[in-house]
Every structure is written in structure tokens, then in C-alpha cells.
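Printed here is model_11.cif (mmCIF, C-alpha atoms and all ligand atoms):
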```
data_final
#
loop_
_atom_site.group_PDB
_atom_site.id
_atom_site.type_symbol
_atom_site.label_atom_id
_atom_site.label_comp_id
_atom_site.auth_asym_id
_atom_site.auth_seq_id
_atom_site.Cartn_x
_atom_site.Cartn_y
_atom_site.Cartn_z
ATOM 1 C CA MET A 252 -82.759 -22.856 -4.623
ATOM 2 C CA PRO A 253 -84.064 -26.017 -6.288
ATOM 3 C CA GLY A 254 -83.025 -27.187 -9.727
ATOM 4 C CA THR A 255 -84.829 -26.192 -12.879
ATOM 5 C CA LEU A 256 -87.738 -27.977 -14.495
ATOM 6 C CA ILE A 257 -87.212 -27.701 -18.245
ATOM 7 C CA THR A 258 -90.291 -28.309 -20.354
ATOM 8 C CA VAL A 259 -90.002 -28.781 -24.073
ATOM 9 C CA ALA A 260 -92.939 -27.872 -26.305
ATOM 10 C CA PRO A 261 -91.665 -29.336 -29.568
ATOM 11 C CA THR A 262 -94.484 -28.927 -32.082
ATOM 12 C CA GLY A 263 -97.498 -26.744 -31.215
ATOM 13 C CA ALA A 264 -100.484 -26.317 -33.465
ATOM 14 C CA GLU A 265 -99.719 -23.090 -35.268
ATOM 15 C CA THR A 266 -96.752 -23.801 -37.570
ATOM 16 C CA ASP A 267 -97.163 -25.615 -40.897
ATOM 17 C CA LYS A 268 -94.854 -28.547 -41.582
ATOM 18 C CA ALA A 269 -94.583 -27.300 -45.177
ATOM 19 C CA ASP A 270 -93.026 -24.072 -43.896
ATOM 20 C CA VAL A 271 -90.764 -25.715 -41.296
ATOM 21 C CA PRO A 272 -89.894 -29.282 -42.365
ATOM 22 C CA GLN A 273 -87.745 -29.822 -39.225
ATOM 23 C CA LEU A 274 -90.857 -29.448 -37.019
ATOM 24 C CA PRO A 275 -91.475 -32.876 -35.423
ATOM 25 C CA THR A 276 -94.946 -33.924 -36.545
ATOM 26 C CA THR A 277 -94.835 -37.692 -37.064
ATOM 27 C CA LEU A 278 -94.841 -40.064 -34.099
ATOM 28 C CA GLU A 279 -91.311 -41.192 -34.981
ATOM 29 C CA GLU A 280 -90.051 -37.609 -35.127
ATOM 30 C CA LEU A 281 -91.765 -36.777 -31.861
ATOM 31 C CA VAL A 282 -90.266 -39.767 -30.034
ATOM 32 C CA GLU A 283 -86.780 -39.035 -31.403
ATOM 33 C CA THR A 284 -87.181 -35.404 -30.354
ATOM 34 C CA ALA A 285 -88.351 -36.361 -26.871
ATOM 35 C CA GLN A 286 -85.372 -38.689 -26.401
ATOM 36 C CA ARG A 287 -82.839 -36.076 -27.502
ATOM 37 C CA CYS A 288 -84.484 -33.383 -25.389
ATOM 38 C CA GLU A 289 -84.504 -35.663 -22.331
ATOM 39 C CA ALA A 290 -80.774 -36.290 -22.829
ATOM 40 C CA ALA A 291 -80.270 -32.517 -23.116
ATOM 41 C CA GLY A 292 -82.046 -31.779 -19.804
ATOM 42 C CA ALA A 293 -85.805 -31.671 -20.390
ATOM 43 C CA ALA A 294 -88.051 -33.402 -17.834
ATOM 44 C CA LEU A 295 -91.498 -32.692 -19.282
ATOM 45 C CA VAL A 296 -92.816 -32.758 -22.837
ATOM 46 C CA HIS A 297 -95.862 -30.640 -23.801
ATOM 47 C CA VAL A 298 -97.476 -32.440 -26.719
ATOM 48 C CA HIS A 299 -99.659 -31.397 -29.651
ATOM 49 C CA VAL A 300 -100.357 -34.262 -32.040
ATOM 50 C CA ARG A 301 -100.440 -33.933 -35.844
ATOM 51 C CA ASP A 302 -102.068 -36.124 -38.462
ATOM 52 C CA SER A 303 -99.117 -37.248 -40.560
ATOM 53 C CA ASP A 304 -101.480 -38.861 -43.084
ATOM 54 C CA ALA A 305 -103.375 -35.628 -43.727
ATOM 55 C CA GLY A 306 -100.885 -32.843 -44.316
ATOM 56 C CA HIS A 307 -99.533 -32.858 -40.752
ATOM 57 C CA VAL A 308 -102.465 -30.787 -39.501
ATOM 58 C CA PRO A 309 -103.240 -30.660 -35.770
ATOM 59 C CA THR A 310 -105.546 -33.416 -34.573
ATOM 60 C CA LEU A 311 -107.284 -34.479 -31.366
ATOM 61 C CA ASP A 312 -107.928 -37.969 -32.698
ATOM 62 C CA PRO A 313 -108.266 -40.174 -29.593
ATOM 63 C CA VAL A 314 -106.313 -43.112 -31.024
ATOM 64 C CA ARG A 315 -103.384 -40.940 -32.074
ATOM 65 C CA LEU A 316 -103.382 -39.225 -28.678
ATOM 66 C CA ARG A 317 -103.345 -42.507 -26.798
ATOM 67 C CA ASP A 318 -100.674 -44.025 -29.060
ATOM 68 C CA THR A 319 -98.528 -40.933 -28.612
ATOM 69 C CA VAL A 320 -98.731 -41.007 -24.821
ATOM 70 C CA GLN A 321 -97.877 -44.707 -24.821
ATOM 71 C CA ALA A 322 -94.947 -44.305 -27.229
ATOM 72 C CA LEU A 323 -93.456 -41.423 -25.228
ATOM 73 C CA ARG A 324 -93.825 -43.408 -21.995
ATOM 74 C CA GLU A 325 -92.104 -46.423 -23.501
ATOM 75 C CA ALA A 326 -89.242 -44.449 -25.044
ATOM 76 C CA THR A 327 -88.551 -41.869 -22.309
ATOM 77 C CA ASP A 328 -89.037 -41.083 -18.621
ATOM 78 C CA LEU A 329 -90.386 -37.643 -19.410
ATOM 79 C CA VAL A 330 -93.559 -36.365 -17.769
ATOM 80 C CA VAL A 331 -96.057 -36.464 -20.640
ATOM 81 C CA GLN A 332 -98.350 -33.475 -20.838
ATOM 82 C CA LEU A 333 -101.056 -33.306 -23.498
ATOM 83 C CA SER A 334 -102.282 -29.955 -24.711
ATOM 84 C CA THR A 335 -105.971 -29.323 -24.125
ATOM 85 C CA GLY A 336 -105.578 -26.021 -25.947
ATOM 86 C CA GLY A 337 -105.279 -27.781 -29.274
ATOM 87 C CA SER A 338 -105.455 -25.365 -32.160
ATOM 88 C CA VAL A 339 -107.572 -22.212 -32.187
ATOM 89 C CA HIS A 340 -110.026 -24.082 -34.450
ATOM 90 C CA ASP A 341 -110.682 -27.060 -32.143
ATOM 91 C CA PRO A 342 -114.128 -27.222 -30.508
ATOM 92 C CA LEU A 343 -114.308 -27.172 -26.716
ATOM 93 C CA GLU A 344 -115.956 -30.625 -26.434
ATOM 94 C CA ALA A 345 -113.121 -32.266 -28.383
ATOM 95 C CA ARG A 346 -110.538 -30.527 -26.207
ATOM 96 C CA LEU A 347 -112.066 -32.139 -23.096
ATOM 97 C CA THR A 348 -111.692 -35.630 -24.563
ATOM 98 C CA VAL A 349 -107.889 -35.292 -24.491
ATOM 99 C CA LEU A 350 -108.023 -36.597 -20.905
ATOM 100 C CA ASP A 351 -109.215 -39.985 -22.230
ATOM 101 C CA ALA A 352 -105.618 -40.636 -23.321
ATOM 102 C CA GLU A 353 -104.548 -40.676 -19.643
ATOM 103 C CA PRO A 354 -101.588 -38.302 -19.810
ATOM 104 C CA ASP A 355 -99.559 -37.492 -16.683
ATOM 105 C CA SER A 356 -100.460 -33.853 -17.062
ATOM 106 C CA CYS A 357 -102.635 -31.589 -19.183
ATOM 107 C CA SER A 358 -102.461 -27.914 -20.002
ATOM 108 C CA LEU A 359 -105.348 -25.772 -18.762
ATOM 109 C CA THR A 360 -105.481 -22.212 -20.073
ATOM 110 C CA CYS A 361 -107.105 -19.837 -17.622
ATOM 111 C CA GLY A 362 -109.005 -17.548 -19.977
ATOM 112 C CA THR A 363 -109.882 -16.471 -23.492
ATOM 113 C CA LEU A 364 -107.495 -14.232 -25.408
ATOM 114 C CA ASN A 365 -106.784 -12.861 -28.834
ATOM 115 C CA PHE A 366 -104.167 -15.110 -30.434
ATOM 116 C CA GLY A 367 -102.680 -13.220 -33.337
ATOM 117 C CA ASP A 368 -105.627 -12.736 -35.685
ATOM 118 C CA ASP A 369 -107.563 -15.594 -34.057
ATOM 119 C CA VAL A 370 -109.307 -16.082 -30.720
ATOM 120 C CA PHE A 371 -108.210 -18.792 -28.276
ATOM 121 C CA LEU A 372 -111.460 -19.627 -26.534
ATOM 122 C CA ASN A 373 -111.477 -20.664 -22.876
ATOM 123 C CA PRO A 374 -114.785 -19.712 -21.208
ATOM 124 C CA PHE A 375 -114.920 -20.188 -17.450
ATOM 125 C CA PRO A 376 -117.411 -23.125 -17.559
ATOM 126 C CA PHE A 377 -115.031 -24.981 -19.907
ATOM 127 C CA MET A 378 -112.069 -24.313 -17.606
ATOM 128 C CA SER A 379 -114.152 -25.516 -14.671
ATOM 129 C CA ASP A 380 -115.198 -28.740 -16.430
ATOM 130 C CA LEU A 381 -111.621 -29.459 -17.448
ATOM 131 C CA TYR A 382 -110.383 -28.773 -13.919
ATOM 132 C CA VAL A 383 -112.892 -31.158 -12.322
ATOM 133 C CA GLN A 384 -112.405 -33.876 -14.937
ATOM 134 C CA ALA A 385 -108.635 -33.688 -14.456
ATOM 135 C CA GLN A 386 -109.158 -34.053 -10.680
ATOM 136 C CA GLU A 387 -111.409 -37.081 -11.205
ATOM 137 C CA ARG A 388 -108.961 -38.746 -13.631
ATOM 138 C CA GLU A 389 -105.917 -37.975 -11.482
ATOM 139 C CA VAL A 390 -104.241 -35.889 -14.174
ATOM 140 C CA VAL A 391 -102.132 -32.941 -13.006
ATOM 141 C CA PRO A 392 -103.048 -29.693 -14.751
ATOM 142 C CA GLU A 393 -100.497 -27.078 -15.697
ATOM 143 C CA PHE A 394 -102.217 -23.703 -15.668
ATOM 144 C CA GLU A 395 -101.295 -21.640 -18.714
ATOM 145 C CA LEU A 396 -101.443 -17.940 -17.865
ATOM 146 C CA PHE A 397 -101.218 -15.743 -20.961
ATOM 147 C CA ASP A 398 -102.412 -12.571 -19.269
ATOM 148 C CA LEU A 399 -102.780 -11.072 -15.805
ATOM 149 C CA GLY A 400 -106.545 -11.683 -15.868
ATOM 150 C CA HIS A 401 -105.734 -15.380 -16.177
ATOM 151 C CA VAL A 402 -103.998 -15.237 -12.803
ATOM 152 C CA ALA A 403 -107.233 -13.944 -11.287
ATOM 153 C CA ALA A 404 -109.180 -16.732 -13.011
ATOM 154 C CA LEU A 405 -106.842 -19.312 -11.468
ATOM 155 C CA ARG A 406 -107.700 -17.855 -8.042
ATOM 156 C CA ARG A 407 -111.393 -18.373 -8.909
ATOM 157 C CA LEU A 408 -110.809 -22.001 -9.963
ATOM 158 C CA LEU A 409 -108.941 -22.812 -6.755
ATOM 159 C CA ASP A 410 -111.640 -21.195 -4.610
ATOM 160 C CA ARG A 411 -114.372 -23.138 -6.383
ATOM 161 C CA HIS A 412 -112.782 -26.579 -6.742
ATOM 162 C CA GLY A 413 -109.906 -26.869 -4.259
ATOM 163 C CA LEU A 414 -106.460 -28.163 -5.127
ATOM 164 C CA PRO A 415 -105.765 -30.200 -8.285
ATOM 165 C CA TYR A 416 -104.932 -33.906 -8.172
ATOM 166 C CA GLY A 417 -101.576 -34.357 -6.429
ATOM 167 C CA GLY A 418 -101.981 -31.294 -4.233
ATOM 168 C CA LYS A 419 -99.483 -29.134 -6.152
ATOM 169 C CA VAL A 420 -100.243 -26.077 -8.249
ATOM 170 C CA HIS A 421 -97.869 -25.523 -11.169
ATOM 171 C CA VAL A 422 -98.385 -22.648 -13.595
ATOM 172 C CA ASP A 423 -96.683 -21.497 -16.787
ATOM 173 C CA LEU A 424 -96.619 -17.771 -17.486
ATOM 174 C CA VAL A 425 -96.726 -17.524 -21.270
ATOM 175 C CA THR A 426 -95.529 -14.113 -22.396
ATOM 176 C CA GLY A 427 -95.346 -12.575 -25.838
ATOM 177 C CA VAL A 428 -98.409 -13.978 -27.627
ATOM 178 C CA PRO A 429 -99.911 -11.136 -29.687
ATOM 179 C CA GLY A 430 -103.055 -10.605 -27.599
ATOM 180 C CA GLY A 431 -101.574 -11.670 -24.259
ATOM 181 C CA MET A 432 -99.115 -10.073 -21.846
ATOM 182 C CA PRO A 433 -95.932 -8.870 -23.541
ATOM 183 C CA GLY A 434 -92.697 -10.841 -23.481
ATOM 184 C CA THR A 435 -90.975 -8.514 -21.048
ATOM 185 C CA VAL A 436 -89.329 -8.890 -17.677
ATOM 186 C CA GLU A 437 -91.790 -6.322 -16.285
ATOM 187 C CA ALA A 438 -94.818 -8.414 -17.342
ATOM 188 C CA LEU A 439 -93.238 -11.559 -15.915
ATOM 189 C CA VAL A 440 -92.550 -9.876 -12.572
ATOM 190 C CA ALA A 441 -96.144 -8.579 -12.424
ATOM 191 C CA GLY A 442 -97.502 -12.060 -13.122
ATOM 192 C CA VAL A 443 -95.311 -13.720 -10.507
ATOM 193 C CA GLN A 444 -96.249 -11.129 -7.894
ATOM 194 C CA MET A 445 -99.943 -11.858 -8.474
ATOM 195 C CA LEU A 446 -99.707 -15.649 -8.140
ATOM 196 C CA PRO A 447 -101.961 -17.118 -5.432
ATOM 197 C CA PRO A 448 -100.158 -18.562 -2.378
ATOM 198 C CA GLU A 449 -101.300 -22.080 -3.357
ATOM 199 C CA VAL A 450 -98.919 -22.003 -6.345
ATOM 200 C CA THR A 451 -96.049 -24.381 -5.570
ATOM 201 C CA SER A 452 -93.984 -23.841 -8.737
ATOM 202 C CA TRP A 453 -94.027 -21.688 -11.840
ATOM 203 C CA SER A 454 -92.435 -21.743 -15.271
ATOM 204 C CA ALA A 455 -92.070 -19.006 -17.824
ATOM 205 C CA THR A 456 -92.244 -19.019 -21.594
ATOM 206 C CA GLY A 457 -91.252 -16.208 -23.913
ATOM 207 C CA ILE A 458 -92.646 -16.412 -27.426
ATOM 208 C CA GLY A 459 -90.248 -15.708 -30.295
ATOM 209 C CA ARG A 460 -87.348 -13.432 -29.486
ATOM 210 C CA ALA A 461 -88.621 -13.048 -25.905
ATOM 211 C CA HIS A 462 -87.598 -16.603 -25.106
ATOM 212 C CA LEU A 463 -84.060 -15.780 -23.930
ATOM 213 C CA PRO A 464 -84.676 -12.672 -21.773
ATOM 214 C CA VAL A 465 -87.728 -14.310 -20.208
ATOM 215 C CA ALA A 466 -85.759 -17.500 -19.501
ATOM 216 C CA ALA A 467 -82.926 -15.537 -17.898
ATOM 217 C CA ALA A 468 -85.342 -13.528 -15.760
ATOM 218 C CA ALA A 469 -87.254 -16.639 -14.703
ATOM 219 C CA LEU A 470 -84.046 -18.358 -13.618
ATOM 220 C CA ALA A 471 -83.034 -15.318 -11.595
ATOM 221 C CA MET A 472 -86.441 -15.266 -9.893
ATOM 222 C CA GLY A 473 -86.501 -18.954 -8.973
ATOM 223 C CA GLY A 474 -88.824 -19.993 -11.788
ATOM 224 C CA HIS A 475 -88.697 -22.913 -14.192
ATOM 225 C CA LEU A 476 -88.511 -22.846 -18.003
ATOM 226 C CA ARG A 477 -90.378 -23.895 -21.095
ATOM 227 C CA VAL A 478 -88.769 -23.774 -24.528
ATOM 228 C CA GLY A 479 -89.407 -25.418 -27.885
ATOM 229 C CA MET A 480 -90.480 -24.927 -31.466
ATOM 230 C CA GLU A 481 -94.103 -24.384 -30.413
ATOM 231 C CA ASP A 482 -92.906 -21.074 -28.978
ATOM 232 C CA ASN A 483 -89.899 -20.080 -31.041
ATOM 233 C CA LEU A 484 -88.460 -21.068 -34.425
ATOM 234 C CA VAL A 485 -85.333 -18.903 -34.433
ATOM 235 C CA TYR A 486 -82.184 -19.928 -32.554
ATOM 236 C CA ALA A 487 -80.374 -16.669 -33.288
ATOM 237 C CA ARG A 488 -80.694 -13.886 -35.830
ATOM 238 C CA GLY A 489 -80.734 -15.502 -39.298
ATOM 239 C CA ARG A 490 -80.361 -19.008 -37.857
ATOM 240 C CA PRO A 491 -83.532 -21.159 -37.708
ATOM 241 C CA VAL A 492 -83.899 -23.810 -35.014
ATOM 242 C CA GLN A 493 -82.849 -27.133 -36.554
ATOM 243 C CA HIS A 494 -83.904 -29.338 -33.646
ATOM 244 C CA ASN A 495 -85.738 -28.757 -30.372
ATOM 245 C CA ALA A 496 -82.771 -30.216 -28.480
ATOM 246 C CA GLU A 497 -80.722 -27.119 -29.356
ATOM 247 C CA LEU A 498 -83.125 -24.947 -27.407
ATOM 248 C CA VAL A 499 -83.143 -27.331 -24.440
ATOM 249 C CA GLU A 500 -79.329 -27.582 -24.434
ATOM 250 C CA ARG A 501 -78.953 -23.823 -24.388
ATOM 251 C CA VAL A 502 -81.249 -23.207 -21.407
ATOM 252 C CA ALA A 503 -79.891 -26.260 -19.586
ATOM 253 C CA GLY A 504 -76.470 -24.611 -19.832
ATOM 254 C CA LEU A 505 -77.898 -21.321 -18.600
ATOM 255 C CA ALA A 506 -79.636 -23.036 -15.682
ATOM 256 C CA THR A 507 -76.446 -24.877 -14.737
ATOM 257 C CA THR A 508 -74.485 -21.620 -14.845
ATOM 258 C CA MET A 509 -77.096 -20.146 -12.511
ATOM 259 C CA GLN A 510 -76.482 -23.044 -10.073
ATOM 260 C CA ARG A 511 -79.935 -24.422 -10.772
ATOM 261 C CA PRO A 512 -79.217 -27.470 -12.964
ATOM 262 C CA PRO A 513 -82.003 -29.310 -14.811
ATOM 263 C CA LEU A 514 -84.300 -31.524 -12.746
ATOM 264 C CA ARG A 515 -84.440 -35.168 -13.733
ATOM 265 C CA PRO A 516 -87.872 -36.537 -14.733
ATOM 266 C CA ASP A 517 -88.307 -38.293 -11.360
ATOM 267 C CA GLU A 518 -87.594 -35.014 -9.563
ATOM 268 C CA ALA A 519 -90.091 -33.302 -11.844
ATOM 269 C CA ARG A 520 -92.718 -35.926 -10.941
ATOM 270 C CA ASP A 521 -92.240 -35.059 -7.251
ATOM 271 C CA LEU A 522 -92.361 -31.330 -7.946
ATOM 272 C CA LEU A 523 -95.625 -31.625 -9.859
ATOM 273 C CA GLY A 524 -97.331 -34.379 -7.855
ATOM 274 C CA VAL A 525 -97.677 -36.634 -10.901
ATOM 275 C CA LYS A 526 -99.218 -40.099 -10.532
ATOM 276 C CA GLU A 527 -96.999 -43.069 -11.443
ATOM 277 C CA ARG A 528 -98.538 -44.529 -14.606
ATOM 278 C CA ARG A 529 -95.477 -46.267 -16.029
ATOM 279 C CA SER A 530 -95.562 -50.063 -15.966
ATOM 280 C CA ARG A 531 -91.766 -50.455 -15.619
HETATM 281 N N1 LIG B 1 -102.365 -23.622 -29.767
HETATM 282 C C1 LIG B 1 -102.802 -22.561 -28.921
HETATM 283 C C2 LIG B 1 -104.059 -21.960 -29.446
HETATM 284 C C3 LIG B 1 -102.062 -25.252 -24.928
HETATM 285 O O1 LIG B 1 -101.347 -26.045 -25.486
HETATM 286 O O2 LIG B 1 -102.771 -25.564 -23.986
HETATM 287 C C4 LIG B 1 -103.027 -22.992 -27.546
HETATM 288 C C5 LIG B 1 -101.956 -23.698 -26.863
HETATM 289 C C6 LIG B 1 -102.132 -23.823 -25.392
HETATM 290 O O3 LIG B 1 -100.996 -24.170 -27.416
HETATM 291 ZN ZN ZN B 2 -99.444 -25.875 -26.496
#
```

Mind converting the file's structure to C-alpha cells?
Ligand code: KMH
Ligand code: ZN
Amino acid sequence: MPGTLITVAPTGAETDKADVPQLPTTLEELVETAQRCEAAGAALVHVHVRDSDAGHVPTLDPVRLRDTVQALREATDLVVQLSTGGSVHDPLEARLTVLDAEPDSCSLTCGTLNFGDDVFLNPFPFMSDLYVQAQEREVVPEFELFDLGHVAALRRLLDRHGLPYGGKVHVDLVTGVPGGMPGTVEALVAGVQMLPPEVTSWSATGIGRAHLPVAAAALAMGGHLRVGMEDNLVYARGRPVQHNAELVERVAGLATTMQRPPLRPDEARDLLGVKERRSR
């Protein structure tokens, strides 16, 4: 079995800095986090940008996005993936402009779902536009599958538009969002069994307390992992996460125990079919 791609999702768009001061929201905090997580075994960073001058709220400001991609590329070898999901309040048009920042990869959620008390909107025409624009700009999408219907929508995208840039199809099964599939081994197995044959690799994410059982199950099934404070703020009962690197270290240890040690960033680039954009 191959090694394990570990993705870190350090920030997200749903947690307030005021509630969790250790959440990395400034560019400096994000770069420091990315460096420590790379040293701990991460190969890909899934990025949501915050406006540190305006209460650390989520932003899709094009200058901040571009500066963030550049800073992460200069400071690390990580595959840099920008979120096109943004926050539940971001308009669809603004979410498409994320590609202007020329990330290595972008997230692409394969359907609308309830997201707690909000709605995370992803109509099929938006998914289609994002898919084609990512192909044209040579950005590798990671398909975020929050529900089994999203697996079927991925099938529809592939039938309509062919393979993504790079020829690989990597998905992340996100379990445990209130409104999506539950964070259980049974849901994960059902999702994996439904994946189209074009899928070349898959990761799994468990939200909140689901993160450990879902990670263990994914490792046992040959899948890859995503962890981070976007998905989980509690390291253990009564013990908040102090730094994203703790979460990466723990699953890197688990993956090594399972004889599937963390992939290096260059191995992750091969796995995902990422274009070389670094100038070094
Ligand atoms: N913030 C969520 C509404 C993504 O990054 O593409 C969506 C999200 C998915 O985080
Ligand atoms: Zn995200």
C-alpha cells in the first residue's frame, strides 16, 4: 500500500478568532502553522484566508489570496489548495475568482447541503463552471463529498467534462457535518464503495469527535487523511487543540504504525497530478 497523504486544514471559515485565539488567521500565523505541519508530516494545506485587519473574518479578497499562496510557496513545499467553498455567506461569483490566485489545487464541493443552521450552496451549474475553469487554468480540484448524493454528482461532472487537469481524480469524503453524511465508519464505507472508477485517490475527514475513528478507518481502507482546526478543535476530552501540528503529528504516528507513513510534498504532487508552479 502507498504512503499516506496528510492534508491539514488549519483555519476554516466557521470559527471566530475571538472564541479560539490559537486559530491561525494572520498570514504570519498561517505560514508558521504550515511550516510546523509540514515538519510533522503534512503534504497539502487547505487554506481559508481571514482579514486580520477586520476582526479576522473570512475573506476572498484577491490580493490577500494571492499573497497567501505566494507566502506559503516561499516558506514551504506543501501543495497549496485554496478553498472555493469560502464561508456559507460568500456569493458564488466571488468563490469562482479564487482561481485567479493560481493555487496548485482548489476544493470543489459536489453539491448543496445543510451546514448546521446554514446552507452551503453548490448548484450544479456553479460546480460545472468551477470544474471547467480549473481545467483551463491547470489547477487540480479536490472534490469534497459531504453526502452520498455528492458522489453521484461527481459522476455527472466527469461524464460531462472529462478528467480534471493532471488526469488524476482525488476526492475527500467529509463526514460528520450536521446536514451531511454522519461521521461513522459505515457512512465512510458506503461513500468509498460508490466512488467512480476514475477516482485515483481518496481522503477522509471526520468533523469533531469523528476525526479519530474516521482517520483510523480510512487508513485501514487504503485512504488518505485530512485533519486540522477547520474540522476539529478538541484534541481529547477537556483538552482544546493548541496548534494544528498536534493533530498532524498524531495521525502521522498512526499512519506510520499502520505501515503507511506520510507522503512527502513531492510524492503528493505526483499522486495528485499537480503542476509545478514553484520558481525554485
Ligand atoms: N466553509 C464551508 C461552508 C471548502 O473549503 O471547500 C465550506 C468549506 C468547503 O469549508
Ligand atoms: Zn474548507

Protein and nucleic acid residues within 10 Å of ligand LIG 1 (chain B) (all atoms listed in the file) as JSON, numbers by chain: {"A": [260, 262, 263, 264, 265, 266, 297, 298, 299, 309, 332, 333, 334, 335, 336, 337, 338, 339, 340, 341, 346, 357, 358, 359, 360, 361, 363, 364, 365, 366, 367, 369, 370, 371, 372, 373, 393, 394, 395, 396, 397, 425, 428, 481, 482]}

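Among the candidate residues A:Gly479, A:Pro464, A:Gly306, A:Gly413, the one lying nearest to ligand ZN 2 (chain B) is A:Gly479, with distances computed using all atoms listed in the file.
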
Separating atom CA of A:Ala293 from atom CA of A:Val478, to the nearest tenth of an Å, is a gap of 9.4 Å

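Pairwise distance (atom CA of A:Gly417, atom CA of A:Pro516) equals 16.2 Å.
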
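The spacing separating atom CA of A:Val450 from atom CA of A:Val420 amounts to 4.7 Å.
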
Could you tell me which residues the PyMOL selection byres (((chain A and resi 301) around 10) and not hetatm) grabs in this file, written as a ChimeraX atom specification? /A:262-264,268,275-278,281,298-300,302-312,315-316

Applying 10 Å and all atoms listed in the file, which residues near stretch 438-444 of chain A remain after dropping the ones on its own chain fewer than 4 positions away? List them as a compact mmCIF listing (two decimals) with C-alpha atoms, keeping the file's coordinate frame.
```
# COMPACT_ATOMS: atom_id res chain seq x y z
CA LEU A 396 -101.44 -17.94 -17.86
CA PHE A 397 -101.22 -15.74 -20.96
CA ASP A 398 -102.41 -12.57 -19.27
CA LEU A 399 -102.78 -11.07 -15.80
CA GLY A 400 -106.54 -11.68 -15.87
CA HIS A 401 -105.73 -15.38 -16.18
CA VAL A 402 -104.00 -15.24 -12.80
CA VAL A 422 -98.38 -22.65 -13.60
CA LEU A 424 -96.62 -17.77 -17.49
CA VAL A 425 -96.73 -17.52 -21.27
CA THR A 426 -95.53 -14.11 -22.40
CA GLY A 427 -95.35 -12.58 -25.84
CA MET A 432 -99.12 -10.07 -21.85
CA PRO A 433 -95.93 -8.87 -23.54
CA GLY A 434 -92.70 -10.84 -23.48
CA VAL A 450 -98.92 -22.00 -6.34
CA TRP A 453 -94.03 -21.69 -11.84
CA SER A 454 -92.44 -21.74 -15.27
CA ALA A 455 -92.07 -19.01 -17.82
CA THR A 456 -92.24 -19.02 -21.59
CA GLY A 457 -91.25 -16.21 -23.91
CA VAL A 465 -87.73 -14.31 -20.21
CA ALA A 468 -85.34 -13.53 -15.76
CA ALA A 469 -87.25 -16.64 -14.70
CA MET A 472 -86.44 -15.27 -9.89
CA GLY A 474 -88.82 -19.99 -11.79
```
